[in-house]
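upload.tsv, holding TSV, C-alpha atoms:
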chain	number	residue	atom	x	y	z
A	7	MET	CA	-171.76	-148.68	16.13
A	8	GLU	CA	-173.23	-145.51	14.72
A	9	HIS	CA	-174.96	-144.16	17.82
A	10	ALA	CA	-173.80	-144.67	21.41
A	11	ALA	CA	-176.40	-145.89	23.83
A	12	LYS	CA	-177.35	-143.42	26.54
A	13	PRO	CA	-175.28	-144.24	29.66
A	14	PRO	CA	-177.50	-145.55	32.48
A	15	ASP	CA	-177.75	-143.84	35.84
A	16	ILE	CA	-175.38	-145.04	38.52
A	17	GLY	CA	-176.51	-148.35	39.93
A	18	GLU	CA	-179.20	-148.78	37.27
A	19	ASP	CA	-179.62	-152.37	36.12
A	20	VAL	CA	-180.32	-152.18	32.42
A	21	GLY	CA	-180.07	-155.91	31.85
A	22	ALA	CA	-177.86	-157.75	29.38
A	23	PRO	CA	-175.50	-155.98	26.95
A	24	PRO	CA	-176.98	-154.92	23.60
A	25	ALA	CA	-177.09	-157.64	20.94
A	26	GLU	CA	-174.51	-155.94	18.74
A	27	LEU	CA	-171.98	-156.02	21.61
A	28	ARG	CA	-172.74	-159.67	22.37
A	29	ALA	CA	-172.36	-160.59	18.69
A	30	ALA	CA	-168.89	-159.11	18.28
A	31	PRO	CA	-165.98	-161.59	18.56
A	32	ARG	CA	-164.65	-161.53	22.12
A	33	PHE	CA	-161.19	-162.24	23.49
A	34	THR	CA	-161.12	-163.46	27.06
A	35	LEU	CA	-158.33	-161.79	29.05
A	36	LEU	CA	-158.74	-164.00	32.12
A	37	ILE	CA	-158.42	-161.40	34.89
A	38	ARG	CA	-156.46	-158.22	34.24
A	39	ALA	CA	-156.53	-155.25	36.59
A	40	ALA	CA	-156.63	-151.82	34.98
A	41	ARG	CA	-157.55	-148.21	35.79
A	42	LEU	CA	-160.69	-146.29	34.95
A	43	VAL	CA	-159.83	-142.59	34.85
A	44	SER	CA	-162.67	-140.07	34.97
A	45	GLY	CA	-163.48	-136.62	36.25
A	46	GLN	CA	-164.19	-138.20	39.66
A	47	GLY	CA	-160.73	-139.72	39.98
A	48	GLU	CA	-158.85	-142.93	39.19
A	49	PHE	CA	-160.47	-146.26	40.02
A	50	VAL	CA	-159.56	-149.94	39.92
A	51	CYS	CA	-161.37	-152.32	37.58
A	52	VAL	CA	-160.88	-155.87	36.32
A	53	ILE	CA	-161.16	-156.44	32.57
A	54	ARG	CA	-163.41	-159.39	31.77
A	55	ASP	CA	-163.37	-159.45	27.97
A	56	VAL	CA	-162.75	-157.19	25.00
A	57	SER	CA	-163.60	-156.98	21.30
A	58	GLU	CA	-163.25	-154.46	18.50
A	59	THR	CA	-166.60	-153.08	19.65
A	60	GLY	CA	-165.91	-152.57	23.34
A	61	VAL	CA	-164.90	-153.96	26.68
A	62	SER	CA	-166.61	-155.23	29.82
A	63	VAL	CA	-165.21	-154.80	33.31
A	64	ARG	CA	-165.98	-155.56	36.94
A	65	LEU	CA	-165.63	-152.90	39.61
A	66	PHE	CA	-165.65	-153.03	43.40
A	67	HIS	CA	-168.16	-150.20	43.76
A	68	LYS	CA	-170.65	-148.23	41.67
A	69	LEU	CA	-169.66	-146.94	38.27
A	70	PRO	CA	-168.34	-143.34	38.11
A	71	SER	CA	-171.02	-141.07	36.65
A	72	CYS	CA	-168.88	-139.38	33.98
A	73	GLU	CA	-170.12	-140.07	30.44
A	74	THR	CA	-166.64	-140.46	28.97
A	75	ILE	CA	-163.98	-142.48	30.78
A	76	GLU	CA	-160.46	-143.60	29.88
A	77	LEU	CA	-159.30	-147.18	30.33
A	78	HIS	CA	-155.61	-147.21	31.31
A	79	MET	CA	-153.77	-150.49	30.80
A	80	PRO	CA	-150.88	-151.74	33.00
A	81	GLY	CA	-148.39	-151.16	30.18
A	82	GLY	CA	-149.28	-147.48	29.88
A	83	GLU	CA	-151.67	-147.39	26.89
A	84	SER	CA	-155.03	-145.66	27.35
A	85	TYR	CA	-158.34	-145.94	25.50
A	86	GLU	CA	-161.30	-143.56	25.59
A	87	ILE	CA	-164.51	-145.48	26.31
A	88	ARG	CA	-168.19	-144.68	26.78
A	89	ASN	CA	-170.61	-146.54	29.05
A	90	VAL	CA	-173.26	-148.64	27.28
A	91	TRP	CA	-174.68	-150.88	30.01
A	92	ALA	CA	-174.34	-151.50	33.74
A	93	LYS	CA	-175.49	-154.33	35.98
A	94	GLY	CA	-174.47	-154.26	39.63
A	95	ASN	CA	-170.70	-153.85	39.75
A	96	GLU	CA	-170.25	-154.93	36.13
A	97	ALA	CA	-170.33	-152.58	33.15
A	98	GLY	CA	-169.84	-152.60	29.42
A	99	PHE	CA	-168.27	-149.83	27.36
A	100	GLU	CA	-167.76	-149.05	23.70
A	101	PHE	CA	-164.53	-147.59	22.36
A	102	THR	CA	-164.90	-144.07	21.00
A	103	LYS	CA	-162.16	-144.75	18.43
A	104	ALA	CA	-161.00	-147.79	16.49
A	105	VAL	CA	-158.86	-150.10	18.64
A	106	ASN	CA	-156.23	-152.67	17.73
A	107	VAL	CA	-157.61	-155.50	19.86
A	108	ALA	CA	-154.61	-157.78	19.30
A	109	GLN	CA	-152.31	-155.06	20.63
A	110	LEU	CA	-154.55	-154.46	23.65
A	111	VAL	CA	-154.69	-158.18	24.46
A	112	HIS	CA	-150.92	-158.54	23.99
A	113	GLU	CA	-150.27	-155.64	26.35
A	114	ALA	CA	-152.61	-157.06	28.98
A	115	ASN	CA	-150.85	-160.42	28.80
A	116	GLU	CA	-147.38	-158.86	28.74
A	117	TYR	CA	-147.89	-157.11	32.09
A	118	PRO	CA	-150.18	-159.53	33.98
A	119	LYS	CA	-148.76	-158.77	37.42
A	120	ARG	CA	-147.72	-155.12	37.12
A	121	GLY	CA	-149.18	-153.26	40.09
A	122	LEU	CA	-151.62	-150.41	39.62
A	123	ARG	CA	-150.50	-146.98	40.75
A	124	LEU	CA	-153.24	-144.38	41.12
A	125	GLY	CA	-152.54	-140.66	40.88
A	126	MET	CA	-154.13	-139.43	44.09
A	127	TYR	CA	-153.36	-136.39	46.23
A	128	PHE	CA	-154.42	-136.17	49.87
A	129	PRO	CA	-152.88	-134.95	53.15
A	130	VAL	CA	-151.58	-137.35	55.78
A	131	THR	CA	-149.80	-137.23	59.11
A	132	VAL	CA	-146.49	-139.08	59.35
A	133	SER	CA	-145.26	-140.29	62.74
A	134	THR	CA	-141.77	-141.43	63.75
A	135	LEU	CA	-140.05	-142.00	67.08
A	136	ALA	CA	-138.96	-138.35	66.91
A	137	GLY	CA	-142.46	-136.92	66.47
A	138	THR	CA	-145.05	-136.17	63.79
A	139	CYS	CA	-145.19	-134.05	60.65
A	140	GLU	CA	-147.53	-133.32	57.77
A	141	ALA	CA	-147.12	-134.76	54.27
A	142	VAL	CA	-149.04	-135.20	51.02
A	143	VAL	CA	-149.57	-138.51	49.24
A	144	GLU	CA	-148.90	-138.08	45.50
A	145	ASN	CA	-149.74	-141.58	44.31
A	146	LEU	CA	-150.84	-144.84	45.85
A	147	SER	CA	-150.56	-148.54	45.06
A	148	GLN	CA	-151.37	-151.81	46.82
A	149	GLN	CA	-147.77	-152.03	47.97
A	150	GLY	CA	-146.84	-148.46	48.82
A	151	ALA	CA	-147.03	-144.75	48.12
A	152	ARG	CA	-145.05	-141.70	47.08
A	153	ILE	CA	-145.25	-138.77	49.46
A	154	GLU	CA	-143.93	-135.23	49.60
A	155	CYS	CA	-142.73	-133.99	52.98
A	156	ASP	CA	-140.40	-131.28	54.33
A	157	GLU	CA	-139.10	-133.62	57.03
A	158	ILE	CA	-135.93	-135.62	56.42
A	159	PHE	CA	-136.29	-139.41	56.66
A	160	ALA	CA	-133.61	-142.06	56.39
A	161	ILE	CA	-133.67	-144.95	53.94
A	162	ASP	CA	-135.36	-147.98	55.60
A	163	GLN	CA	-136.75	-145.77	58.37
A	164	THR	CA	-140.11	-146.97	59.68
A	165	LEU	CA	-143.02	-144.52	59.47
A	166	ARG	CA	-146.66	-144.57	60.52
A	167	VAL	CA	-148.95	-142.84	58.03
A	168	VAL	CA	-152.58	-141.87	58.63
A	169	GLY	CA	-155.11	-139.50	57.09
A	170	GLU	CA	-158.82	-138.78	56.80
A	171	GLY	CA	-160.35	-141.87	55.22
A	172	PHE	CA	-156.91	-143.51	55.25
A	173	LYS	CA	-156.38	-145.85	58.19
A	174	GLU	CA	-152.94	-145.90	59.77
A	175	VAL	CA	-150.36	-148.02	57.96
A	176	ARG	CA	-146.76	-148.82	58.78
A	177	ALA	CA	-144.26	-148.29	56.00
A	178	LYS	CA	-140.54	-148.13	55.31
A	179	VAL	CA	-138.70	-145.53	53.25
A	180	ARG	CA	-137.29	-147.16	50.11
A	181	TRP	CA	-135.98	-144.11	48.24
A	182	ARG	CA	-135.59	-140.35	48.66
A	183	ARG	CA	-135.40	-137.58	46.07
A	184	ASP	CA	-135.40	-134.00	47.35
A	185	ARG	CA	-138.66	-133.74	49.33
A	186	HIS	CA	-140.20	-136.83	47.73
A	187	TYR	CA	-140.12	-140.30	49.30
A	188	GLY	CA	-141.07	-143.77	48.11
A	189	LEU	CA	-142.71	-145.88	50.82
A	190	VAL	CA	-143.35	-149.63	50.96
A	191	PHE	CA	-146.17	-150.76	53.25
A	192	ASP	CA	-145.54	-153.48	55.81
A	193	ASP	CA	-148.92	-155.00	54.90
A	194	THR	CA	-150.14	-154.80	51.30
A	195	TYR	CA	-153.75	-154.24	50.26
A	196	THR	CA	-155.78	-156.85	48.43
A	197	LEU	CA	-157.04	-155.62	45.07
A	198	GLY	CA	-160.59	-155.29	46.39
A	199	ASP	CA	-159.54	-153.37	49.51
A	200	PHE	CA	-157.32	-151.12	47.42
A	201	ALA	CA	-160.18	-150.42	44.98
A	202	ARG	CA	-162.59	-149.54	47.78
A	203	LEU	CA	-159.97	-147.35	49.48
A	204	ALA	CA	-159.45	-145.42	46.25
A	205	ALA	CA	-163.20	-144.85	45.97
A	206	GLN	CA	-163.44	-143.81	49.62
A	207	LEU	CA	-160.69	-141.22	49.20
A	208	GLN	CA	-161.93	-139.78	45.89
A	209	ALA	CA	-165.68	-140.38	45.53
A	210	PRO	CA	-167.23	-142.08	48.59
A	211	VAL	CA	-170.68	-141.73	47.00
A	212	LEU	CA	-169.69	-144.69	44.79
A	213	LEU	CA	-169.56	-147.02	47.79
A	214	ASP	CA	-172.58	-148.79	49.21
A	215	HIS	CA	-172.87	-147.82	52.87
A	216	ASP	CA	-175.22	-149.77	55.09
Could you rewrite the structure in this file as structure tokens?
Amino acid sequence: MEHAAKPPDIGEDVGAPPAELRAAPRFTLLIRAARLVSGQGEFVCVIRDVSETGVSVRLFHKLPSCETIELHMPGGESYEIRNVWAKGNEAGFEFTKAVNVAQLVHEANEYPKRGLRLGMYFPVTVSTLAGTCEAVVENLSQQGARIECDEIFAIDQTLRVVGEGFKEVRAKVRWRRDRHYGLVFDDTYTLGDFARLAAQLQAPVLLDHD
């Protein structure tokens, strides 16, 4: 594609994908969760299909407004993409550079159940039977989080973690390294709830509020 289509405004329904995107051979990936990384933060998406021309995804909120976004796969590879069309919570992108589609599909199928971990930083309050203290979340997944805290916690100790926009969760300490701790939540998030939480914490304007 010689010229990228102008990205639509957030929430704009610009109809079906351009004919040249529809005409390109497509490889169905079933459902594969991935990350969209932009200047507004890191967000959850589900890959619907991909071709040498581009990729289409479904989100759980409005599309981030940044013109250029990176698609990060579960296996660690990333691809720079540019928005071409948007319809509701679905969007289509073109790759800004040539992509080995077979490699992308293989990677998506090789790590079908690898959990997404989003690089997010926000303050929280941690409560134990001994009292409360302040901490910072450094990354977040459906199953747990990594935090930094000056307090000393024991392995398998139960904590209650809460923050602005982050409802209280119960978690257990799984590992400790200096001031950093790995936590596992008692109750895991569904993919949709996790996606909406990530948007709420980073760019709440992307969520539809009644």
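Between atom CA of A:Thr164 and atom CA of A:Asp184 the separation is 18.5 Å.
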Identify, on the basis of all atoms listed in the file, every residue whose closest approach to A:Gln163 does not exceed 10 Å; exclude the query and any residue fewer than 5 positions from it along the same chain; express the result as a list in words. Thr134, Ala177, Lys178, Val179, Arg180 and Leu189 of chain A
Go ahead and write the residues just picked, C-alpha atoms, as a JSON list (two decimals), in the frame of the given file.
[["chain", "number", "residue", "atom", "x", "y", "z"],
["A", 134, "THR", "CA", -141.77, -141.43, 63.75],
["A", 177, "ALA", "CA", -144.26, -148.29, 56.00],
["A", 178, "LYS", "CA", -140.54, -148.13, 55.31],
["A", 179, "VAL", "CA", -138.70, -145.53, 53.25],
["A", 180, "ARG", "CA", -137.29, -147.16, 50.11],
["A", 189, "LEU", "CA", -142.71, -145.88, 50.82]]
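For the pair atom CA of A:Val168 and atom CA of A:Ser133, the interatomic distance is 8.5 Å.
The interatomic distance for the pair atom CA of A:Asp193 and atom CA of A:Glu174 works out to 11.1 Å.
Distances to A:Thr196 were evaluated for A:Leu42, A:Leu110, A:Val56, A:Val50 using all atoms listed in the file, and the minimum falls at A:Val50.
In this comparison, which uses all atoms listed in the file, the residue of A:Leu135, A:Ala204, A:Val61, A:Ile161 approaching A:Val105 most closely is A:Val61.
Minimum atom-to-atom distances from A:His186, A:Lys68, A:Arg41, A:His112 to A:Pro210 were compared using all atoms listed in the file, and the lowest value belongs to A:Lys68.
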